[in-house]
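**Student:** Here you go, this is final-v4.tsv (TSV, C-alpha atoms and all ligand atoms).
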```tsv
chain	number	residue	atom	x	y	z
A	270	MET	CA	103.16	55.89	84.20
A	271	GLN	CA	100.30	53.95	85.73
A	272	ARG	CA	98.37	55.39	88.66
A	273	PRO	CA	98.05	52.49	91.11
A	274	GLU	CA	94.80	51.61	92.88
A	275	PRO	CA	95.00	53.33	96.30
A	276	LYS	CA	94.08	50.14	98.16
A	277	THR	CA	97.00	48.22	96.67
A	278	LEU	CA	99.49	50.56	98.38
A	279	GLY	CA	98.88	49.09	101.84
A	280	LYS	CA	99.89	50.97	104.97
A	281	VAL	CA	101.96	53.96	103.94
A	282	VAL	CA	104.25	56.16	106.02
A	283	VAL	CA	105.07	59.67	104.82
A	284	LEU	CA	108.43	60.84	106.17
A	285	TYR	CA	108.59	64.59	106.63
A	286	GLY	CA	110.18	67.30	108.74
A	287	GLY	CA	113.54	65.88	109.73
A	288	HIS	CA	116.76	67.53	110.85
A	289	SER	CA	117.89	69.43	107.77
A	290	ALA	CA	118.03	73.15	107.05
A	291	GLU	CA	115.06	72.52	104.74
A	292	ARG	CA	112.83	71.23	107.54
A	293	GLU	CA	110.11	73.85	107.02
A	294	VAL	CA	109.74	73.13	103.31
A	295	SER	CA	109.68	69.42	104.05
A	296	LEU	CA	106.88	69.85	106.60
A	297	LYS	CA	104.82	71.64	103.95
A	298	SER	CA	105.53	69.04	101.25
A	299	GLY	CA	104.91	66.11	103.55
A	300	SER	CA	101.62	67.34	104.94
A	301	MET	CA	100.28	67.90	101.43
A	302	VAL	CA	101.44	64.47	100.31
A	303	LEU	CA	99.84	62.90	103.37
A	304	LYS	CA	96.57	64.72	102.79
A	305	ALA	CA	96.51	63.73	99.12
A	306	LEU	CA	97.10	60.06	99.93
A	307	GLN	CA	94.42	60.08	102.62
A	308	SER	CA	91.93	61.83	100.35
A	309	CYS	CA	92.45	59.04	97.81
A	310	GLY	CA	91.59	56.46	100.49
A	311	VAL	CA	95.16	55.33	101.26
A	312	ASP	CA	95.93	54.22	104.82
A	313	ALA	CA	98.67	56.87	105.21
A	314	HIS	CA	100.45	58.11	108.34
A	315	GLY	CA	102.99	60.86	108.98
A	316	PHE	CA	106.39	60.33	110.60
A	317	ASP	CA	108.93	63.01	111.57
A	318	PRO	CA	112.43	61.54	112.08
A	319	ALA	CA	113.41	64.61	114.12
A	320	ARG	CA	110.65	63.92	116.64
A	321	GLN	CA	110.12	60.17	116.51
A	322	SER	CA	112.47	57.22	116.86
A	323	LEU	CA	113.35	54.76	114.14
A	324	ALA	CA	112.00	52.04	116.45
A	325	GLU	CA	108.52	53.48	115.86
A	326	LEU	CA	109.12	53.29	112.14
A	327	ALA	CA	110.33	49.71	112.45
A	328	GLY	CA	107.34	48.64	114.53
A	329	GLY	CA	104.70	50.49	112.53
A	330	GLY	CA	103.84	47.67	110.13
A	331	PHE	CA	104.34	49.90	107.11
A	332	ASP	CA	104.25	48.47	103.59
A	333	ARG	CA	106.01	51.45	102.01
A	334	ALA	CA	107.52	54.83	102.80
A	335	VAL	CA	107.02	58.03	100.86
A	336	ILE	CA	110.04	60.25	101.49
A	337	SER	CA	109.15	63.94	101.70
A	338	LEU	CA	112.37	64.90	103.46
A	339	HIS	CA	114.88	67.25	101.91
A	340	GLY	CA	118.58	67.79	102.42
A	341	ARG	CA	120.67	66.00	105.00
A	342	PHE	CA	119.33	62.82	106.58
A	343	GLY	CA	116.52	62.81	104.03
A	344	GLU	CA	117.96	63.16	100.58
A	345	ASP	CA	121.52	62.02	101.17
A	346	GLY	CA	121.21	58.23	101.46
A	347	THR	CA	121.02	58.00	105.24
A	348	ILE	CA	117.26	57.50	105.65
A	349	GLN	CA	117.36	55.36	102.51
A	350	GLY	CA	119.94	53.13	104.26
A	351	ALA	CA	117.76	52.89	107.36
A	352	LEU	CA	114.74	51.90	105.24
A	353	GLU	CA	116.83	49.26	103.44
A	354	LEU	CA	117.76	47.76	106.80
A	355	LEU	CA	114.15	47.90	107.99
A	356	ARG	CA	113.07	46.33	104.65
A	357	ILE	CA	110.52	49.08	104.02
A	358	PRO	CA	110.31	49.95	100.28
A	359	TYR	CA	110.69	53.69	99.74
A	360	THR	CA	110.21	56.29	97.05
A	361	GLY	CA	113.04	57.80	95.06
A	362	SER	CA	116.66	56.94	94.60
A	363	GLY	CA	118.63	54.37	96.56
A	364	VAL	CA	121.50	54.93	98.98
A	365	LYS	CA	124.27	55.43	96.45
A	366	ALA	CA	122.45	57.67	93.96
A	367	SER	CA	121.03	59.75	96.82
A	368	ALA	CA	124.44	60.27	98.40
A	369	LEU	CA	126.06	61.07	95.07
A	370	SER	CA	123.39	63.54	94.03
A	371	MET	CA	123.53	65.27	97.40
A	372	ASP	CA	127.16	66.16	96.74
A	373	LYS	CA	127.43	68.71	93.94
A	374	ILE	CA	131.14	68.02	93.45
A	375	LEU	CA	130.78	64.23	93.13
A	376	THR	CA	127.76	64.76	90.88
A	377	LYS	CA	129.85	66.90	88.55
A	378	VAL	CA	132.63	64.30	88.54
A	379	VAL	CA	130.12	61.67	87.39
A	380	TRP	CA	128.60	63.93	84.75
A	381	ARG	CA	131.93	65.08	83.35
A	382	ASN	CA	133.12	61.51	83.24
A	383	ALA	CA	130.05	60.70	81.14
A	384	GLY	CA	130.68	63.67	78.85
A	385	LEU	CA	127.60	65.58	80.06
A	386	ASN	CA	127.70	69.35	80.02
A	387	THR	CA	128.20	70.91	83.46
A	388	PRO	CA	129.98	74.21	84.19
A	389	ASP	CA	133.71	74.15	84.94
A	390	TYR	CA	134.51	74.33	88.66
A	391	VAL	CA	137.26	74.30	91.26
A	392	GLN	CA	136.99	72.75	94.70
A	393	LEU	CA	138.07	75.43	97.19
A	394	GLN	CA	140.32	74.32	100.02
A	395	PRO	CA	141.37	76.57	102.94
A	396	GLY	CA	144.24	78.77	101.74
A	397	PHE	CA	143.09	78.62	98.09
A	398	ASP	CA	144.61	80.99	95.55
A	399	ALA	CA	141.81	83.48	94.80
A	400	GLN	CA	143.60	84.92	91.81
A	401	ALA	CA	144.04	81.52	90.18
A	402	VAL	CA	140.39	80.61	90.78
A	403	ALA	CA	139.14	83.88	89.28
A	404	ALA	CA	141.51	83.51	86.34
A	405	ARG	CA	140.32	79.99	85.59
A	406	LEU	CA	136.57	80.50	85.98
A	407	GLY	CA	136.21	84.19	85.15
A	408	LEU	CA	134.07	86.66	87.05
A	409	PRO	CA	131.39	86.67	88.18
A	410	LEU	CA	131.46	83.13	89.53
A	411	ILE	CA	129.34	81.12	91.94
A	412	VAL	CA	130.57	79.78	95.29
A	413	LYS	CA	128.41	77.15	96.98
A	414	PRO	CA	128.68	74.36	99.53
A	415	ALA	CA	128.81	70.89	97.95
A	416	GLN	CA	126.04	69.60	100.17
A	417	GLU	CA	123.23	71.99	100.83
A	418	GLY	CA	120.02	72.91	99.09
A	419	SER	CA	117.67	75.83	98.68
A	420	THR	CA	120.49	78.18	97.69
A	421	LEU	CA	121.72	78.30	101.30
A	422	GLY	CA	125.36	79.36	101.58
A	423	LEU	CA	125.54	80.31	97.88
A	424	THR	CA	127.16	83.56	96.74
A	425	LYS	CA	127.57	85.18	93.35
A	426	VAL	CA	131.07	86.61	93.50
A	427	SER	CA	131.81	89.59	91.26
A	428	GLU	CA	135.27	90.50	92.54
A	429	GLU	CA	138.26	88.41	93.50
A	430	ALA	CA	138.40	90.13	96.91
A	431	GLU	CA	134.94	88.71	97.79
A	432	LEU	CA	135.98	85.11	97.26
A	433	GLN	CA	137.28	84.47	100.78
A	434	ALA	CA	134.09	85.73	102.46
A	435	ALA	CA	132.00	83.63	100.06
A	436	PHE	CA	134.10	80.57	100.95
A	437	ASP	CA	133.68	81.24	104.69
A	438	LYS	CA	129.92	81.58	104.28
A	439	ALA	CA	129.64	78.33	102.29
A	440	CYS	CA	131.82	76.58	104.87
A	441	LYS	CA	129.19	77.21	107.52
A	442	TYR	CA	127.02	74.69	105.70
A	443	ASP	CA	129.66	72.27	104.46
A	444	CYS	CA	133.42	72.57	104.25
A	445	GLN	CA	133.42	70.93	100.85
A	446	VAL	CA	132.99	74.06	98.77
A	447	LEU	CA	133.04	74.62	95.03
A	448	ALA	CA	133.54	77.66	92.89
A	449	GLU	CA	131.66	77.29	89.62
A	450	LYS	CA	131.69	79.17	86.34
A	451	PHE	CA	128.75	81.55	86.19
A	452	ILE	CA	126.19	80.77	83.51
A	453	GLN	CA	124.34	83.82	82.31
A	454	GLY	CA	120.95	82.94	80.89
A	455	ALA	CA	117.62	81.23	81.42
A	456	GLU	CA	117.09	79.00	84.39
A	457	LEU	CA	115.33	75.67	83.82
A	458	THR	CA	114.33	72.67	85.84
A	459	VAL	CA	113.29	69.27	84.55
A	460	PRO	CA	111.49	66.53	86.47
A	461	VAL	CA	112.36	62.95	85.58
A	462	LEU	CA	110.29	59.88	86.49
A	463	GLY	CA	111.14	56.19	86.25
A	464	GLU	CA	114.38	54.29	86.23
A	465	GLY	CA	117.04	53.17	83.75
A	466	ASP	CA	115.50	52.60	80.31
A	467	THR	CA	112.05	53.69	81.51
A	468	ALA	CA	113.33	57.05	82.83
A	469	HIS	CA	111.59	59.92	81.07
A	470	ALA	CA	111.33	63.66	81.51
A	471	LEU	CA	108.21	65.70	82.24
A	472	PRO	CA	107.81	69.14	80.60
A	473	VAL	CA	110.62	71.65	81.23
A	474	ILE	CA	109.87	74.57	83.56
A	475	ARG	CA	111.48	77.95	82.84
A	476	ILE	CA	112.05	80.11	85.90
A	477	GLN	CA	112.29	83.87	85.82
A	478	ALA	CA	113.37	85.34	89.15
A	479	PRO	CA	113.59	89.09	89.83
A	480	GLN	CA	116.98	90.30	88.53
A	481	GLY	CA	117.75	86.67	87.68
A	482	ASN	CA	118.35	86.05	91.38
A	483	TYR	CA	116.74	82.72	92.25
A	484	ASP	CA	117.69	82.67	95.95
A	485	TYR	CA	115.98	81.31	99.05
A	486	HIS	CA	113.69	84.33	99.27
A	487	ASN	CA	112.64	84.14	95.64
A	488	LYS	CA	112.17	80.37	95.87
A	489	TYR	CA	110.05	80.17	98.98
A	490	ILE	CA	108.98	83.57	100.25
A	491	GLY	CA	108.50	86.25	97.61
A	492	ASN	CA	105.83	86.21	94.92
A	493	ASP	CA	107.84	87.83	92.14
A	494	THR	CA	109.38	84.73	90.60
A	495	GLN	CA	107.61	83.61	87.44
A	496	TYR	CA	107.38	80.00	86.32
A	497	PHE	CA	106.61	79.00	82.74
A	498	CYS	CA	105.40	75.51	81.93
A	499	PRO	CA	105.18	74.94	79.01
A	500	SER	CA	108.60	76.55	78.99
A	501	GLY	CA	108.20	78.44	75.71
A	502	LEU	CA	111.51	77.01	74.47
A	503	PRO	CA	111.66	75.93	70.82
A	504	GLU	CA	110.57	72.30	70.56
A	505	ALA	CA	114.01	70.97	69.58
A	506	LEU	CA	115.65	72.75	72.53
A	507	GLU	CA	112.98	71.54	74.96
A	508	HIS	CA	113.67	68.01	73.76
A	509	GLU	CA	117.46	68.46	74.03
A	510	VAL	CA	117.16	69.71	77.62
A	511	GLN	CA	114.84	66.81	78.52
A	512	GLN	CA	117.30	64.31	77.02
A	513	LEU	CA	120.17	65.87	78.96
A	514	ALA	CA	118.14	65.66	82.19
A	515	VAL	CA	117.32	61.99	81.59
A	516	GLN	CA	120.97	61.16	80.85
A	517	SER	CA	122.14	63.05	83.92
A	518	TYR	CA	119.64	61.07	86.02
A	519	ARG	CA	120.64	57.72	84.54
A	520	GLN	CA	124.35	58.39	84.99
A	521	LEU	CA	123.84	59.03	88.71
A	522	GLY	CA	121.76	55.84	88.98
A	523	CYS	CA	118.68	57.72	90.13
A	524	ALA	CA	115.33	55.96	90.43
A	525	GLY	CA	111.69	56.77	91.11
A	526	TRP	CA	111.86	60.48	90.50
A	527	GLY	CA	114.18	63.46	90.54
A	528	ARG	CA	114.55	66.97	89.20
A	529	ALA	CA	117.54	68.28	87.30
A	530	ASP	CA	118.42	71.98	87.54
A	531	VAL	CA	119.78	73.30	84.27
A	532	MET	CA	120.87	76.69	82.96
A	533	LEU	CA	120.91	77.84	79.36
A	534	ASP	CA	123.76	80.10	78.36
A	535	GLU	CA	123.43	82.98	75.93
A	536	ALA	CA	124.13	80.62	73.03
A	537	GLN	CA	121.18	78.44	74.22
A	538	ARG	CA	123.49	75.67	75.31
A	539	PRO	CA	122.21	73.75	78.36
A	540	TRP	CA	124.45	73.25	81.42
A	541	LEU	CA	123.62	70.85	84.26
A	542	LEU	CA	123.78	72.38	87.76
A	543	GLU	CA	122.54	69.68	90.10
A	544	MET	CA	120.17	66.76	90.62
A	545	ASN	CA	117.50	66.92	93.31
A	546	THR	CA	116.51	63.42	94.41
A	547	SER	CA	113.74	64.46	96.80
A	548	PRO	CA	112.14	67.53	95.25
A	549	GLY	CA	109.53	69.72	96.91
A	550	MET	CA	105.92	68.59	96.77
A	551	THR	CA	103.91	71.58	97.98
A	552	ASP	CA	101.13	72.75	95.66
A	553	HIS	CA	103.51	75.50	94.50
A	554	SER	CA	106.40	73.13	93.91
A	555	LEU	CA	107.97	72.53	90.55
A	556	VAL	CA	107.42	68.81	89.96
A	557	PRO	CA	103.66	69.06	90.58
A	558	MET	CA	103.58	72.09	88.24
A	559	SER	CA	105.28	70.19	85.44
A	560	ALA	CA	103.16	67.07	86.05
A	561	ARG	CA	100.04	69.22	85.76
A	562	ALA	CA	101.24	70.45	82.35
A	563	ALA	CA	101.56	66.79	81.35
A	564	GLY	CA	97.97	66.12	82.48
A	565	ILE	CA	98.91	64.44	85.78
A	566	SER	CA	97.04	65.80	88.81
A	567	TYR	CA	98.73	66.28	92.19
A	568	GLU	CA	96.86	63.26	93.60
A	569	ASP	CA	97.82	61.08	90.66
A	570	LEU	CA	101.45	62.16	90.94
A	571	VAL	CA	101.51	61.23	94.63
A	572	LEU	CA	99.91	57.84	93.89
A	573	ILE	CA	102.40	57.19	91.06
A	574	LEU	CA	105.31	58.02	93.36
A	575	ALA	CA	103.97	55.89	96.20
A	576	GLY	CA	103.43	53.06	93.72
A	577	SER	CA	107.07	53.25	92.63
A	578	ALA	CA	108.43	52.63	96.14
A	579	ALA	CA	111.05	49.89	96.17
A	580	LEU	CA	114.06	48.53	98.01
A	581	ARG	CA	117.09	49.61	96.03
A	582	ALA	CA	120.04	48.02	97.75
A	583	GLY	CA	123.13	48.59	95.68
A	584	GLY	CA	121.51	51.49	93.86
A	601	LIG	N1	126.98	78.19	87.89
A	601	LIG	C1	125.90	78.93	88.07
A	601	LIG	N2	125.64	79.98	87.22
A	601	LIG	C2	124.56	80.77	87.40
A	601	LIG	N3	123.67	80.61	88.41
A	601	LIG	C3	123.88	79.61	89.28
A	601	LIG	C4	124.99	78.72	89.16
A	601	LIG	N4	124.94	77.83	90.18
A	601	LIG	C5	123.83	78.14	90.90
A	601	LIG	N5	123.19	79.21	90.36
A	601	LIG	C6	121.95	79.83	90.86
A	601	LIG	O1	121.73	79.42	92.20
A	601	LIG	C7	120.58	78.59	92.32
A	601	LIG	C8	120.85	77.43	93.26
A	601	LIG	O2	121.93	76.65	92.81
A	601	LIG	P1	121.88	75.05	92.71
A	601	LIG	O3	123.19	74.61	92.17
A	601	LIG	O4	120.67	74.62	91.97
A	601	LIG	O5	121.83	74.63	94.25
A	601	LIG	P2	120.64	74.49	95.32
A	601	LIG	O6	119.34	74.60	94.59
A	601	LIG	O7	120.88	73.14	95.90
A	601	LIG	O8	120.89	75.57	96.29
A	601	LIG	C9	120.30	78.12	90.89
A	601	LIG	O9	118.94	77.81	90.76
A	601	LIG	C10	120.75	79.33	90.08
A	601	LIG	O10	119.77	80.35	90.12
A	602	MG	MG	118.84	73.83	92.75
```
Represent the structure from my file as structure tokens, please.
Ligand SMILES: Nc1ncnc2c1ncn2[C@@H]1O[C@H](COP(=O)(O)OP(=O)(O)O)[C@@H](O)[C@H]1O
Ligand SMILES: [Mg+2]
**Tutor:**
Amino acid sequence: MQRPEPKTLGKVVVLYGGHSAEREVSLKSGSMVLKALQSCGVDAHGFDPARQSLAELAGGGFDRAVISLHGRFGEDGTIQGALELLRIPYTGSGVKASALSMDKILTKVVWRNAGLNTPDYVQLQPGFDAQAVAARLGLPLIVKPAQEGSTLGLTKVSEEAELQAAFDKACKYDCQVLAEKFIQGAELTVPVLGEGDTAHALPVIRIQAPQGNYDYHNKYIGNDTQYFCPSGLPEALEHEVQQLAVQSYRQLGCAGWGRADVMLDEAQRPWLLEMNTSPGMTDHSLVPMSARAAGISYEDLVLILAGSAALRAGG
């Protein structure tokens, strides 16, 4: 993808912070993005929707918005809808693809409908039959809220008797809760750039967390998680996982950029977990890591993303 000339980007607003549970990560991502744009000579400004009003955004004379928000009100189609109405082109997916990807249950419905490989699951409703769920999915299994990120509210359930508590915990984040078949094996993540036919994957990252437990602590706090990019997967498997990520992105109608989380089972078969439509952009984040392996610097990545900002009504 072409790195645009910084001056052609006009007046840029970087949206960061926001109201979601991932506010802190977003503040880190957004300030780095802002700094990178400014260091390249872009007329870039920060904007925190949790602290500033949309009227300020509307009256700011911005030519484009770079979204560095995560989770609710940032990644779920709401801010995208506001930017559509304000006619400010923005980075990443449109309203529909953002909302779909934010919901892990709807995402799986779309993927399964398209024949893409995603683990079997059951939506848990209050009063669910724990025995039937455990019998269908096997143990251990994963319980997680349909709409949250950063592993918040997620539990690995090893015994049927723990299912109710796991459901209650997930419900604190979102009362749409899914139980999902546990995939035992390597954890991968795959950035995708572009849109439709031009969508393409960056190098796969393989993640090795302590005891295979890639939770909030191991994602953002601890230093024991190891990331491999190049992934070390055999070339054919790397390619297969990249193709699956691109298809999963296209089926959801994603645009601009995204990052598919994938697990490999013991037979090396890839399973799609979720699509992130506004991935982290700190210097330790995964998309910048993969871009670097593809020869794209952090600054160039930020310029490419800013250059891809668009209005995506209907998308
Ligand atoms: N079905 C599953 N089998 C095994 N591990 C899982 C499964 N679902 C989630 N996980 C683990 O939990 C982490 C977070 O789950 P994910 O679905 O990516 O949601 P989010 O990142 O939005 O919290 C994954 O990176 C993986 O380590
Ligand atoms: Mg994830």
**Student:** Please identify every residue of chain A that has at least one atom no farther than 10 Å from an atom of ligand LIG 601 (chain A), counting all atoms listed in the file, and for each give the shortest atom pair and the distance in Å to one decimal, arranged by chain then increasing number, as a tab-separated table.
**Tutor:**
```
residue	atom	partner	partner_atom	distance
A:Gly340	CA	A:LIG601	O7	8.7
A:Met371	CA	A:LIG601	O7	8.4
A:Asp372	CA	A:LIG601	O7	9.4
A:Lys373	CA	A:LIG601	O3	7.5
A:Thr387	CA	A:LIG601	N1	8.6
A:Pro388	CA	A:LIG601	N1	6.2
A:Asp389	CA	A:LIG601	N1	8.4
A:Tyr390	CA	A:LIG601	N1	8.5
A:Pro409	CA	A:LIG601	N2	8.9
A:Leu410	CA	A:LIG601	N1	6.9
A:Ile411	CA	A:LIG601	N1	5.5
A:Val412	CA	A:LIG601	N4	7.8
A:Lys413	CA	A:LIG601	O3	7.5
A:Pro414	CA	A:LIG601	O8	8.5
A:Ala415	CA	A:LIG601	O7	8.5
A:Gln416	CA	A:LIG601	O7	7.6
A:Glu417	CA	A:LIG601	O7	5.6
A:Gly418	CA	A:LIG601	O7	3.3
A:Ser419	CA	A:LIG601	O8	4.0
A:Thr420	CA	A:LIG601	O8	3.0
A:Leu421	CA	A:LIG601	O8	5.8
A:Gly422	CA	A:LIG601	O8	7.9
A:Leu423	CA	A:LIG601	O8	6.8
A:Thr424	CA	A:LIG601	O1	8.2
A:Lys425	CA	A:LIG601	N3	7.8
A:Leu447	CA	A:LIG601	N4	10.0
A:Ala448	CA	A:LIG601	N1	8.3
A:Glu449	CA	A:LIG601	N1	5.1
A:Lys450	CA	A:LIG601	N1	5.1
A:Phe451	CA	A:LIG601	N2	3.6
A:Ile452	CA	A:LIG601	N2	3.8
A:Gln453	CA	A:LIG601	C2	5.9
A:Gly454	CA	A:LIG601	C2	7.8
A:Ala455	CA	A:LIG601	O10	9.0
A:Glu456	CA	A:LIG601	O10	6.5
A:Leu457	CA	A:LIG601	O9	8.1
A:Thr458	CA	A:LIG601	O9	8.5
A:Ile476	CA	A:LIG601	O9	8.7
A:Gln477	CA	A:LIG601	O10	9.3
A:Ala478	CA	A:LIG601	O10	8.2
A:Gly481	CA	A:LIG601	O10	7.1
A:Asn482	CA	A:LIG601	O10	6.0
A:Tyr483	CA	A:LIG601	O10	4.4
A:Asp484	CA	A:LIG601	C7	6.2
A:Tyr485	CA	A:LIG601	O8	8.0
A:Asn487	CA	A:LIG601	O10	9.8
A:Lys488	CA	A:LIG601	O9	8.9
A:Ala529	CA	A:LIG601	O4	8.5
A:Asp530	CA	A:LIG601	O4	5.6
A:Val531	CA	A:LIG601	O4	7.9
A:Met532	CA	A:LIG601	C2	7.1
A:Leu533	CA	A:LIG601	C2	9.3
A:Asp534	CA	A:LIG601	N2	9.1
A:Trp540	CA	A:LIG601	N1	8.5
A:Leu541	CA	A:LIG601	O3	8.8
A:Leu542	CA	A:LIG601	O3	5.0
A:Glu543	CA	A:LIG601	O3	5.4
A:Met544	CA	A:LIG601	O4	8.0
A:Asn545	CA	A:LIG601	O7	7.5
```
**Student:** Let me make sure I understand: among A:Ser308, A:Ser370, A:Gln433, A:Gln511, which one has the smallest atom-to-atom distance to ligand MG 602 (chain A) if we use all atoms listed in the file?
**Tutor:**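 The closest residue to ligand MG 602 (chain A) is A:Ser370.
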**Student:** Rounded to one decimal, what separation in Å do you get between CA of Ala560 (chain A) and CA of Lys304 (chain A)?
**Tutor:**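 Result for CA of Ala560 (chain A) versus CA of Lys304 (chain A): 18.1 Å, one decimal.
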**Student:** Please list as a PyMOL selection string every residue within 7 Å of region 351-364 of chain A, counting all atoms listed in the file and excluding residues in the same chain fewer than 3 positions away.
**Tutor:** chain A and resi 327+331-336+346-348+367-368+523-526+546-547+574-575+577-582+584
**Student:** Under the rule that all atoms listed in the file are counted, which of A:Gly501, A:Val459, A:Glu344, A:Pro472 is the nearest residue to Ile565 (chain A)?
**Tutor:**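 Smallest distance to Ile565 (chain A) is found for A:Pro472.
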**Student:** Env of His469 (chain A): 9 Å cut, atoms = all atoms listed in the file, seq-sep filter 2 positions within chain, self excluded. Answer as a count of residues only.
**Tutor:** 12
**Student:** From the list A:Gln271, A:Lys365, A:His508, A:Phe436, which residue is nearest Phe397 (chain A) when using all atoms listed in the file?
**Tutor:**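 Closest to Phe397 (chain A) of all the choices is A:Phe436.
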**Student:** Nearest to ligand MG 602 (chain A): which of A:His339, A:Val446, A:Gly522, A:Ala403 is it, counting only C-alpha atoms and all ligand atoms?
**Tutor:** A:His339
**Student:** Select, from A:Ala305, A:His553, A:Glu293, A:Leu338, the residue with the minimum atom-to-atom distance to Asp569 (chain A), counting all atoms listed in the file.
**Tutor:**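 So, comparing all the options, the nearest one is A:Ala305.
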**Student:** Closest to ligand MG 602 (chain A) among A:Arg538, A:Arg528, A:His288, A:Lys276, using only C-alpha atoms and all ligand atoms?
**Tutor:**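 For ligand MG 602 (chain A), the nearest of the given residues is A:Arg528.
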**Student:** Pull the neighbourhood of (115.2, 66.7, 110.5) for me: all residues within 8 Å in file coordinates, counting only C-alpha atoms, as a PDB file with C-alpha atoms, keeping the file's coordinate frame.
**Tutor:**
```pdb
ATOM      1  CA  TYR A 285     108.590  64.590 106.630  1.00  0.00           C
ATOM      2  CA  GLY A 286     110.180  67.300 108.740  1.00  0.00           C
ATOM      3  CA  GLY A 287     113.540  65.880 109.730  1.00  0.00           C
ATOM      4  CA  HIS A 288     116.760  67.530 110.850  1.00  0.00           C
ATOM      5  CA  SER A 289     117.890  69.430 107.770  1.00  0.00           C
ATOM      6  CA  ALA A 290     118.030  73.150 107.050  1.00  0.00           C
ATOM      7  CA  ARG A 292     112.830  71.230 107.540  1.00  0.00           C
ATOM      8  CA  ASP A 317     108.930  63.010 111.570  1.00  0.00           C
ATOM      9  CA  PRO A 318     112.430  61.540 112.080  1.00  0.00           C
ATOM     10  CA  ALA A 319     113.410  64.610 114.120  1.00  0.00           C
ATOM     11  CA  LEU A 338     112.370  64.900 103.460  1.00  0.00           C
ATOM     12  CA  ARG A 341     120.670  66.000 105.000  1.00  0.00           C
ATOM     13  CA  PHE A 342     119.330  62.820 106.580  1.00  0.00           C
ATOM     14  CA  GLY A 343     116.520  62.810 104.030  1.00  0.00           C
TER      15      GLY A 343
END
```
**Student:** What does the distance from CA of Ser427 (chain A) to CA of Leu408 (chain A) come to in Å, to one decimal?
**Tutor:** 5.6 Å
**Student:** At what distance in Å, to one decimal, does CA of Arg405 (chain A) lie from atom MG of ligand MG 602 (chain A)?
**Tutor:**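 Atom MG of ligand MG 602 (chain A) sits 23.5 Å away from CA of Arg405 (chain A).
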